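What follows is the content of structure_13.pdb, which has PDB, C-alpha atoms:
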ATOM      1  CA  MET A 231      22.969  38.905 -41.874
ATOM      2  CA  ASP A 232      26.018  37.127 -40.424
ATOM      3  CA  GLY A 233      23.738  34.711 -38.597
ATOM      4  CA  TRP A 234      21.844  33.986 -41.809
ATOM      5  CA  HIS A 235      25.088  33.327 -43.708
ATOM      6  CA  LYS A 236      26.290  30.953 -40.964
ATOM      7  CA  LEU A 237      22.977  29.101 -41.063
ATOM      8  CA  SER A 238      23.091  28.854 -44.856
ATOM      9  CA  SER A 239      26.675  27.615 -44.712
ATOM     10  CA  SER A 240      25.772  24.965 -42.117
ATOM     11  CA  LEU A 241      22.817  23.770 -44.189
ATOM     12  CA  SER A 242      24.936  23.546 -47.310
ATOM     13  CA  ASN A 243      27.303  21.152 -45.532
ATOM     14  CA  ILE A 244      24.512  18.703 -44.708
ATOM     15  CA  ASN A 245      24.151  15.738 -47.031
ATOM     16  CA  PHE A 246      20.356  15.514 -47.090
ATOM     17  CA  ALA A 247      20.386  12.458 -49.356
ATOM     18  CA  GLN A 248      22.592  10.544 -46.948
ATOM     19  CA  ALA A 249      20.571  11.688 -43.941
ATOM     20  CA  GLY A 250      17.342  10.674 -45.664
ATOM     21  CA  SER A 251      18.802   7.264 -46.486
ATOM     22  CA  LYS A 252      19.751   6.704 -42.815
ATOM     23  CA  ILE A 253      16.270   7.704 -41.652
ATOM     24  CA  SER A 254      14.674   5.412 -44.229
ATOM     25  CA  LYS A 255      16.867   2.470 -43.191
ATOM     26  CA  GLY A 256      16.106   3.082 -39.530
ATOM     27  CA  PHE A 257      12.375   3.206 -40.231
ATOM     28  CA  ASN A 258      12.487   0.020 -42.316
ATOM     29  CA  SER A 259      14.462  -1.750 -39.572
ATOM     30  CA  SER A 260      11.897  -0.713 -36.951
ATOM     31  CA  VAL A 261       9.028  -1.918 -39.139
ATOM     32  CA  GLN A 262      10.812  -5.228 -39.777
ATOM     33  CA  ALA A 263      11.484  -5.725 -36.052
ATOM     34  CA  THR A 264       7.819  -5.014 -35.258
ATOM     35  CA  LYS A 265       6.640  -7.485 -37.875
ATOM     36  CA  GLU A 266       8.929 -10.181 -36.511
ATOM     37  CA  ARG A 267       7.813  -9.503 -32.958
ATOM     38  CA  LEU A 268       4.152  -9.800 -34.033
ATOM     39  CA  ARG A 269       4.999 -12.958 -36.041
ATOM     40  CA  GLN A 270       3.927 -11.378 -39.301
ATOM     41  CA  VAL A 271       7.076 -12.653 -41.011
ATOM     42  CA  ALA A 272       7.568 -16.301 -41.885
ATOM     43  CA  PRO A 273      10.553 -17.954 -40.148
ATOM     44  CA  ASP A 274      12.150 -18.863 -43.500
ATOM     45  CA  GLU A 275      12.104 -15.171 -44.480
ATOM     46  CA  ILE A 276      14.342 -14.224 -41.538
ATOM     47  CA  THR A 277      18.053 -14.388 -42.320
ATOM     48  CA  GLU A 278      19.675 -17.191 -40.339
ATOM     49  CA  LEU A 279      22.902 -16.147 -38.603
ATOM     50  CA  PRO A 280      25.820 -18.629 -38.396
ATOM     51  CA  GLN A 281      25.815 -21.030 -35.465
ATOM     52  CA  GLU A 282      29.296 -19.869 -34.483
ATOM     53  CA  TYR A 283      27.952 -16.342 -34.050
ATOM     54  CA  LYS A 284      24.987 -17.636 -32.009
ATOM     55  CA  ASP A 285      27.361 -19.501 -29.688
ATOM     56  CA  LEU A 286      29.484 -16.373 -29.264
ATOM     57  CA  GLU A 287      26.362 -14.330 -28.576
ATOM     58  CA  ALA A 288      25.257 -16.758 -25.852
ATOM     59  CA  HIS A 289      28.741 -16.610 -24.283
ATOM     60  CA  VAL A 290      28.653 -12.794 -24.202
ATOM     61  CA  ASP A 291      25.227 -12.940 -22.534
ATOM     62  CA  ALA A 292      26.583 -15.317 -19.889
ATOM     63  CA  LEU A 293      29.608 -13.082 -19.238
ATOM     64  CA  HIS A 294      27.417  -9.991 -18.995
ATOM     65  CA  THR A 295      25.097 -11.705 -16.491
ATOM     66  CA  ALA A 296      28.028 -12.994 -14.410
ATOM     67  CA  TYR A 297      29.688  -9.572 -14.192
ATOM     68  CA  LEU A 298      26.449  -7.794 -13.311
ATOM     69  CA  THR A 299      25.465 -10.380 -10.674
ATOM     70  CA  LEU A 300      28.803 -10.392  -8.849
ATOM     71  CA  LEU A 301      29.278  -6.622  -9.052
ATOM     72  CA  LYS A 302      25.780  -6.045  -7.697
ATOM     73  CA  ILE A 303      26.689  -8.030  -4.570
ATOM     74  CA  THR A 304      30.319  -7.033  -4.074
ATOM     75  CA  LYS A 305      29.625  -3.313  -4.442
ATOM     76  CA  VAL A 306      28.912  -3.336  -0.705
ATOM     77  CA  TYR A 307      32.681  -3.304  -0.198
ATOM     78  CA  LYS A 308      32.720   0.285  -1.470
ATOM     79  CA  HIS A 309      31.160   1.304   1.849
ATOM     80  CA  GLU A 310      33.021   0.606   5.050
ATOM     81  CA  SER A 311      29.854   0.289   7.130
ATOM     82  CA  TYR A 312      28.226  -2.577   5.186
ATOM     83  CA  ASP A 313      28.414  -4.854   8.254
ATOM     84  CA  TYR A 314      28.006  -2.135  10.879
ATOM     85  CA  LEU A 315      25.234  -3.074  13.321
ATOM     86  CA  THR A 316      25.107  -0.441  16.066
ATOM     87  CA  HIS A 317      25.310   2.639  13.860
ATOM     88  CA  VAL A 318      22.270   4.360  15.418
ATOM     89  CA  GLN A 319      23.526   4.408  19.010
ATOM     90  CA  GLU A 320      27.142   5.279  18.201
ATOM     91  CA  SER A 321      26.124   7.891  15.615
ATOM     92  CA  ILE A 322      24.088   9.734  18.248
ATOM     93  CA  HIS A 323      27.081   9.700  20.593
ATOM     94  CA  GLU A 324      29.400  10.923  17.840
ATOM     95  CA  LEU A 325      26.938  13.682  16.855
ATOM     96  CA  SER A 326      26.798  14.909  20.462
ATOM     97  CA  SER A 327      30.614  14.965  20.658
ATOM     98  CA  PHE A 328      30.829  16.775  17.326
ATOM     99  CA  LEU A 329      28.291  19.442  18.342
ATOM    100  CA  SER A 330      30.019  19.929  21.697
ATOM    101  CA  TYR A 331      33.360  20.423  19.981
ATOM    102  CA  ASN A 332      31.938  22.919  17.468
ATOM    103  CA  ILE A 333      30.128  24.958  20.130
ATOM    104  CA  SER A 334      33.260  25.085  22.307
ATOM    105  CA  SER A 335      35.416  26.137  19.359
ATOM    106  CA  PHE A 336      32.909  28.836  18.311
ATOM    107  CA  ALA A 337      32.753  30.253  21.828
ATOM    108  CA  ALA A 338      36.530  30.277  22.239
ATOM    109  CA  THR A 339      37.038  32.022  18.891
ATOM    110  CA  ASN A 340      34.202  34.566  18.851
ATOM    111  CA  LEU A 341      33.872  35.470  22.541
ATOM    112  CA  LYS A 342      37.568  36.089  23.099
ATOM    113  CA  GLY A 343      38.208  39.694  24.209
ATOM    114  CA  THR A 344      34.608  40.276  25.302
ATOM    115  CA  ASN A 345      33.043  40.471  28.750
ATOM    116  CA  LEU A 346      30.988  37.365  28.114
ATOM    117  CA  PRO A 347      32.158  34.318  30.065
ATOM    118  CA  ILE A 348      33.623  31.362  28.207
ATOM    119  CA  SER A 349      32.385  28.255  29.945
ATOM    120  CA  VAL A 350      34.928  25.724  28.775
ATOM    121  CA  SER A 351      38.049  25.537  26.712
ATOM    122  CA  PRO A 352      37.678  24.027  23.238
ATOM    123  CA  ALA A 353      38.107  20.304  23.425
ATOM    124  CA  ALA A 354      39.965  18.230  20.893
ATOM    125  CA  PRO A 355      37.880  17.070  17.912
ATOM    126  CA  PRO A 356      36.328  13.642  18.406
ATOM    127  CA  PRO A 357      38.416  10.845  16.873
ATOM    128  CA  THR A 358      37.170   9.240  13.683
ATOM    129  CA  GLN A 359      35.892   5.735  14.265
ATOM    130  CA  HIS A 360      35.784   3.013  11.646
ATOM    131  CA  LYS A 361      32.230   1.822  11.015
ATOM    132  CA  THR A 362      32.782  -1.934  10.750
ATOM    133  CA  LEU A 363      31.623  -4.907  12.799
ATOM    134  CA  PRO A 364      35.155  -5.864  13.990
ATOM    135  CA  HIS A 365      35.842  -2.288  15.082
ATOM    136  CA  THR A 366      32.506  -2.178  16.915
ATOM    137  CA  LEU A 367      33.366  -5.386  18.784
ATOM    138  CA  LEU A 368      36.835  -4.009  19.520
ATOM    139  CA  ARG A 369      35.408  -0.826  21.049
ATOM    140  CA  ALA A 370      32.775  -2.749  23.019
ATOM    141  CA  ALA A 371      35.331  -5.218  24.422
ATOM    142  CA  THR A 372      37.734  -2.421  25.387
ATOM    143  CA  THR A 373      35.024  -0.350  27.088
ATOM    144  CA  THR A 374      33.529  -3.246  29.026
ATOM    145  CA  SER A 375      36.966  -4.542  30.046
ATOM    146  CA  ASN A 376      37.862  -1.152  31.531
ATOM    147  CA  ALA A 377      34.469  -0.882  33.250
ATOM    148  CA  VAL A 378      34.697  -4.356  34.810
ATOM    149  CA  GLN A 379      38.298  -3.835  35.952
ATOM    150  CA  ALA A 380      37.444  -0.449  37.472
ATOM    151  CA  THR A 381      34.765  -2.021  39.672
ATOM    152  CA  ALA A 382      36.535  -5.316  40.404
ATOM    153  CA  PRO A 383      37.631  -6.025  43.996
ATOM    154  CA  GLY A 384      41.009  -7.317  42.896
ATOM    155  CA  PRO A 385      43.677  -6.041  40.496
ATOM    156  CA  ASP A 386      43.336  -8.906  38.010
ATOM    157  CA  ASP A 387      39.694  -9.633  37.267
ATOM    158  CA  ALA A 388      39.315 -12.735  35.059
ATOM    159  CA  LEU A 389      36.492 -11.329  32.936
ATOM    160  CA  ALA A 390      38.223  -7.989  32.467
ATOM    161  CA  LYS A 391      41.423  -9.774  31.440
ATOM    162  CA  ALA A 392      39.511 -12.014  28.990
ATOM    163  CA  LEU A 393      37.771  -9.002  27.449
ATOM    164  CA  ALA A 394      41.100  -7.216  27.101
ATOM    165  CA  LEU A 395      42.588 -10.236  25.283
ATOM    166  CA  TYR A 396      39.500 -10.371  23.072
ATOM    167  CA  ALA A 397      39.906  -6.691  22.231
ATOM    168  CA  ALA A 398      43.595  -7.171  21.390
ATOM    169  CA  ALA A 399      42.737 -10.063  19.059
ATOM    170  CA  TYR A 400      39.931  -8.128  17.379
ATOM    171  CA  LYS A 401      42.224  -5.175  16.816
ATOM    172  CA  ARG A 402      44.205  -7.378  14.421
ATOM    173  CA  VAL A 403      40.964  -8.663  12.893
ATOM    174  CA  ALA A 404      39.738  -5.099  12.371
ATOM    175  CA  LEU A 405      42.951  -4.075  10.589
ATOM    176  CA  ALA A 406      42.787  -7.186   8.378
ATOM    177  CA  HIS A 407      39.147  -6.342   7.646
ATOM    178  CA  LEU A 408      40.105  -2.908   6.333
ATOM    179  CA  ASP A 409      42.933  -4.387   4.245
ATOM    180  CA  HIS A 410      40.525  -6.939   2.793
ATOM    181  CA  ASN A 411      37.984  -4.275   1.823
ATOM    182  CA  THR A 412      40.693  -2.196   0.139
ATOM    183  CA  ALA A 413      42.011  -5.248  -1.731
ATOM    184  CA  VAL A 414      38.524  -6.088  -3.012
ATOM    185  CA  GLN A 415      38.000  -2.536  -4.257
ATOM    186  CA  LEU A 416      41.375  -2.329  -6.032
ATOM    187  CA  ASN A 417      41.788  -5.890  -7.331
ATOM    188  CA  PHE A 418      38.195  -6.872  -8.083
ATOM    189  CA  LEU A 419      35.640  -4.072  -8.255
ATOM    190  CA  HIS A 420      37.709  -1.662 -10.336
ATOM    191  CA  PRO A 421      38.981  -4.209 -12.932
ATOM    192  CA  TRP A 422      35.596  -5.901 -13.311
ATOM    193  CA  GLN A 423      33.744  -2.602 -13.665
ATOM    194  CA  THR A 424      36.310  -1.497 -16.277
ATOM    195  CA  THR A 425      35.861  -4.727 -18.244
ATOM    196  CA  LEU A 426      32.071  -4.391 -18.056
ATOM    197  CA  ASN A 427      32.226  -0.808 -19.348
ATOM    198  CA  THR A 428      34.728  -1.541 -22.139
ATOM    199  CA  SER A 429      35.094  -5.040 -23.577
ATOM    200  CA  ILE A 430      31.619  -6.353 -22.760
ATOM    201  CA  ALA A 431      29.968  -3.045 -23.672
ATOM    202  CA  ILE A 432      31.756  -3.069 -27.045
ATOM    203  CA  ALA A 433      30.618  -6.657 -27.681
ATOM    204  CA  ILE A 434      27.004  -5.766 -26.859
ATOM    205  CA  LYS A 435      27.180  -2.717 -29.118
ATOM    206  CA  ALA A 436      28.591  -4.823 -31.967
ATOM    207  CA  ARG A 437      25.815  -7.357 -31.446
ATOM    208  CA  GLN A 438      23.227  -4.595 -31.711
ATOM    209  CA  ALA A 439      24.851  -3.357 -34.934
ATOM    210  CA  ILE A 440      24.684  -6.878 -36.412
ATOM    211  CA  ARG A 441      21.010  -7.127 -35.461
ATOM    212  CA  VAL A 442      20.269  -3.787 -37.141
ATOM    213  CA  SER A 443      22.140  -4.871 -40.278
ATOM    214  CA  ARG A 444      20.179  -8.129 -40.377
ATOM    215  CA  LEU A 445      16.892  -6.253 -40.010
ATOM    216  CA  GLU A 446      17.895  -3.850 -42.791
ATOM    217  CA  LEU A 447      18.759  -6.795 -45.049
ATOM    218  CA  ASP A 448      15.464  -8.588 -44.405
ATOM    219  CA  ALA A 449      13.526  -5.332 -44.807
ATOM    220  CA  ALA A 450      15.259  -4.744 -48.165
ATOM    221  CA  LYS A 451      14.342  -8.276 -49.241
ATOM    222  CA  GLN A 452      10.724  -7.674 -48.330
ATOM    223  CA  THR A 453      10.724  -4.355 -50.191
ATOM    224  CA  SER A 454      12.251  -5.836 -53.343
ATOM    225  CA  VAL A 455       9.908  -8.852 -53.388
ATOM    226  CA  VAL A 456       6.726  -6.762 -53.542
ATOM    227  CA  PRO A 457       7.486  -4.942 -56.863
ATOM    228  CA  PHE A 458       8.651  -8.244 -58.355
ATOM    229  CA  LEU A 459       5.342  -9.896 -57.453
ATOM    230  CA  VAL A 460       3.410  -6.969 -58.915
ATOM    231  CA  VAL A 461       5.273  -7.255 -62.223
ATOM    232  CA  LEU A 462       4.875 -11.028 -62.271
ATOM    233  CA  THR A 463       1.135 -10.770 -61.603
ATOM    234  CA  SER A 464       0.669  -8.133 -64.293
ATOM    235  CA  ALA A 465       2.523 -10.268 -66.833
ATOM    236  CA  HIS A 466       0.396 -13.282 -65.935
ATOM    237  CA  HIS A 467      -2.857 -11.342 -66.414
ATOM    238  CA  SER A 468      -1.691  -9.954 -69.726
ATOM    239  CA  GLN A 469      -1.011 -13.444 -71.034
ATOM    240  CA  GLN A 470      -4.483 -14.597 -70.068
ATOM    241  CA  GLN A 471      -6.258 -11.790 -71.988
ATOM    242  CA  PRO A 472      -7.571 -12.904 -75.481
ATOM    243  CA  GLN A 473      -5.659 -11.442 -78.375
ATOM    244  CA  GLU A 474      -7.660  -9.375 -80.880
ATOM    245  CA  CYS A 475      -7.673 -10.570 -84.452
TER
END
Just dump the structure as C-alpha cells.
Amino acid sequence: MDGWHKLSSSLSNINFAQAGSKISKGFNSSVQATKERLRQVAPDEITELPQEYKDLEAHVDALHTAYLTLLKITKVYKHESYDYLTHVQESIHELSSFLSYNISSFAATNLKGTNLPISVSPAAPPPTQHKTLPHTLLRAATTTSNAVQATAPGPDDALAKALALYAAAYKRVALAHLDHNTAVQLNFLHPWQTTLNTSIAIAIKARQAIRVSRLELDAAKQTSVVPFLVVLTSAHHSQQQPQEC
C-alpha cells in the first residue's frame, strides 16, 4: 500500500498538460525540420534570422573547427612516447629486466628459511627510462661511446669522445623536451579543452535552442494557416451558392 501511495503521489505532481505541450512542440519541430530538409516548405515560409546572428553563427563554427583541429593534433603531447622510435627493442629489454627483478625478489622473500637454494640476491629494480626520441639518442650515444672507448687502443678515442659530447648535449635537449611537453599540456591543452567544453559548448547549445524555437514558430504558422484557409474556402463556397427565394 505504501508503494501505491508513493506512486499516486508522484503521478499527482506531474503536470500532464505541460508535458503533453512539450511533446507536441517537439513533434511539430521534427515534422517542420523534415519538411524543410525535403524541400516541402517554400523558402519565403521559413523565418529569416538576422544577418548579425548568421555572422555570429559562422564565427562560432570557425572557432569550433579551429579548436577541434588543433586539439586533435596536439593531443599527442599527452603521451611522452609520441616520437619514440625504438620502443619494440628497448621494451623487450626492459621486460626482461623487470621479470628478472621480480623473480629474484620472489625467491629471496619466499625461499628464505628453507632448504631450497637461492640462486642470486634480489637485484635493484630497473630504472625508469623516458620514452622520447632525445632520450633514446642520449642512451644510444652514451652506450656506443662507452663501447668504443672500452675497445680503443688509446685512452682518448676521437669517436668515443665525440659520442660522449653528443650525449652530454642531448641530455640538455632531452630535459628541455620534457619541459616543453609539460608546458604544452598545462598552458595549451588544458585551457583549450576547457574552453571547448564550456564557452563553445554553451554557444552551440544556444544555437540549437534558437533553431528549435525557429522550427516551432514556423510549425505554428503552418498549423494556423490551414484552419484559416479552410474557413476562407468555406465562406467562398457559401457565397457562390444561389439564394432561395
message: I'd like the contact shell of range 304-316 of chain A - 12 Å cut-off, only C-alpha atoms, skipping same-chain residues fewer than 4 positions apart - returned as an NGL selection string.
response: :A and (297-300 or 320-323 or 359-367 or 369-370 or 404 or 407-420 or 422-423)
query: Which neighbours of range 387-395 of chain A fall inside 8 Å, counting only C-alpha atoms, when residues of the same chain fewer than 2 positions from it are skipped, and could you give them as a PyMOL selection string?
result: chain A and resi 371-372+374-376+378-379+382-385+397-399
Hey, can you spit out that residue selection with C-alpha atoms as an mmCIF file, in the frame of the given file?
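Wrote it out as part.cif, contents follow:
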data_model
loop_
_atom_site.group_PDB
_atom_site.id
_atom_site.type_symbol
_atom_site.label_atom_id
_atom_site.label_comp_id
_atom_site.auth_asym_id
_atom_site.auth_seq_id
_atom_site.Cartn_x
_atom_site.Cartn_y
_atom_site.Cartn_z
ATOM 1 C CA ALA A 371 35.331 -5.218 24.422
ATOM 2 C CA THR A 372 37.734 -2.421 25.387
ATOM 3 C CA THR A 374 33.529 -3.246 29.026
ATOM 4 C CA SER A 375 36.966 -4.542 30.046
ATOM 5 C CA ASN A 376 37.862 -1.152 31.531
ATOM 6 C CA VAL A 378 34.697 -4.356 34.810
ATOM 7 C CA GLN A 379 38.298 -3.835 35.952
ATOM 8 C CA ALA A 382 36.535 -5.316 40.404
ATOM 9 C CA PRO A 383 37.631 -6.025 43.996
ATOM 10 C CA GLY A 384 41.009 -7.317 42.896
ATOM 11 C CA PRO A 385 43.677 -6.041 40.496
ATOM 12 C CA ALA A 397 39.906 -6.691 22.231
ATOM 13 C CA ALA A 398 43.595 -7.171 21.390
ATOM 14 C CA ALA A 399 42.737 -10.063 19.059
#
- request: Counting all atoms listed in the file, note down every residue that has an atom within 12 Å of the point (10.6, -2.7, -40.0) (file coordinates), as a PyMOL selection string.
  value: chain A and resi 253-268+270-271+442-453
- prompt: Between CA of Glu287 in chain A and CA of Ile432 in chain A, what is the distance, to one decimal in Å?
  reply: 12.6 Å
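Coordinates place CA of Lys302 in chain A at a distance of 27.4 Å from CA of Ala439 in chain A.
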Report, as AutoDock Vina command-line options, the centre and edge lengths in Å (one decimal) of the axis-aligned box enclosing every listed atom of range 369-374 of chain A, padded by 4 Å on each side.
--center_x 35.3 --center_y -2.8 --center_z 25.0 --size_x 13.0 --size_y 12.9 --size_z 16.0
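Coordinates place CA of Ala292 in chain A at a distance of 24.9 Å from CA of Ile276 in chain A.
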Atom completion result for range 291-310 of chain A (N, CA, C and O atoms) as a short mmCIF file (atom, residue, chain, number, x, y, z; two decimals), in the frame of the given file:
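Written file, out_10.cif:
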data_model
loop_
_atom_site.label_atom_id
_atom_site.label_comp_id
_atom_site.auth_asym_id
_atom_site.auth_seq_id
_atom_site.Cartn_x
_atom_site.Cartn_y
_atom_site.Cartn_z
N ASP A 291 26.35 -13.10 -23.47
CA ASP A 291 25.23 -12.94 -22.53
C ASP A 291 25.57 -13.52 -21.16
O ASP A 291 25.25 -12.93 -20.12
N ALA A 292 26.21 -14.69 -21.15
CA ALA A 292 26.58 -15.32 -19.89
C ALA A 292 27.61 -14.48 -19.14
O ALA A 292 27.52 -14.30 -17.92
N LEU A 293 28.60 -13.94 -19.87
CA LEU A 293 29.61 -13.08 -19.24
C LEU A 293 28.96 -11.82 -18.67
O LEU A 293 29.27 -11.40 -17.54
N HIS A 294 28.08 -11.22 -19.43
CA HIS A 294 27.42 -9.99 -19.00
C HIS A 294 26.61 -10.24 -17.72
O HIS A 294 26.67 -9.45 -16.76
N THR A 295 25.88 -11.36 -17.68
CA THR A 295 25.10 -11.70 -16.49
C THR A 295 26.00 -11.96 -15.29
O THR A 295 25.71 -11.52 -14.17
N ALA A 296 27.11 -12.68 -15.51
CA ALA A 296 28.03 -12.99 -14.41
C ALA A 296 28.63 -11.72 -13.81
O ALA A 296 28.68 -11.56 -12.58
N TYR A 297 29.08 -10.82 -14.68
CA TYR A 297 29.69 -9.57 -14.19
C TYR A 297 28.66 -8.74 -13.43
O TYR A 297 28.96 -8.21 -12.34
N LEU A 298 27.46 -8.61 -13.97
CA LEU A 298 26.45 -7.79 -13.31
C LEU A 298 26.05 -8.40 -11.96
O LEU A 298 25.89 -7.67 -10.97
N THR A 299 25.90 -9.73 -11.91
CA THR A 299 25.46 -10.38 -10.67
C THR A 299 26.49 -10.21 -9.56
O THR A 299 26.16 -9.83 -8.43
N LEU A 300 27.77 -10.49 -9.88
CA LEU A 300 28.80 -10.39 -8.85
C LEU A 300 29.06 -8.94 -8.43
O LEU A 300 29.26 -8.65 -7.25
N LEU A 301 29.05 -8.03 -9.39
CA LEU A 301 29.28 -6.62 -9.05
C LEU A 301 28.14 -6.07 -8.20
O LEU A 301 28.36 -5.24 -7.31
N LYS A 302 26.93 -6.52 -8.47
CA LYS A 302 25.78 -6.04 -7.70
C LYS A 302 25.93 -6.40 -6.22
O LYS A 302 25.55 -5.64 -5.34
N ILE A 303 26.52 -7.59 -5.95
CA ILE A 303 26.69 -8.03 -4.57
C ILE A 303 27.94 -7.42 -3.93
O ILE A 303 27.90 -6.91 -2.81
N THR A 304 29.04 -7.46 -4.66
CA THR A 304 30.32 -7.03 -4.07
C THR A 304 30.48 -5.52 -4.01
O THR A 304 31.45 -5.04 -3.43
N LYS A 305 29.55 -4.77 -4.55
CA LYS A 305 29.62 -3.31 -4.44
C LYS A 305 29.49 -2.84 -3.00
O LYS A 305 29.79 -1.68 -2.70
N VAL A 306 29.02 -3.73 -2.11
CA VAL A 306 28.91 -3.34 -0.70
C VAL A 306 30.28 -3.00 -0.13
O VAL A 306 30.38 -2.25 0.85
N TYR A 307 31.34 -3.56 -0.72
CA TYR A 307 32.68 -3.30 -0.20
C TYR A 307 33.14 -1.87 -0.47
O TYR A 307 34.18 -1.46 0.04
N LYS A 308 32.39 -1.13 -1.27
CA LYS A 308 32.72 0.28 -1.47
C LYS A 308 32.44 1.09 -0.21
O LYS A 308 32.98 2.19 -0.04
N HIS A 309 31.56 0.58 0.64
CA HIS A 309 31.16 1.30 1.85
C HIS A 309 31.67 0.54 3.07
O HIS A 309 31.37 -0.64 3.25
N GLU A 310 32.41 1.24 3.89
CA GLU A 310 33.02 0.61 5.05
C GLU A 310 32.00 0.04 6.01
O GLU A 310 32.23 -0.98 6.67
#
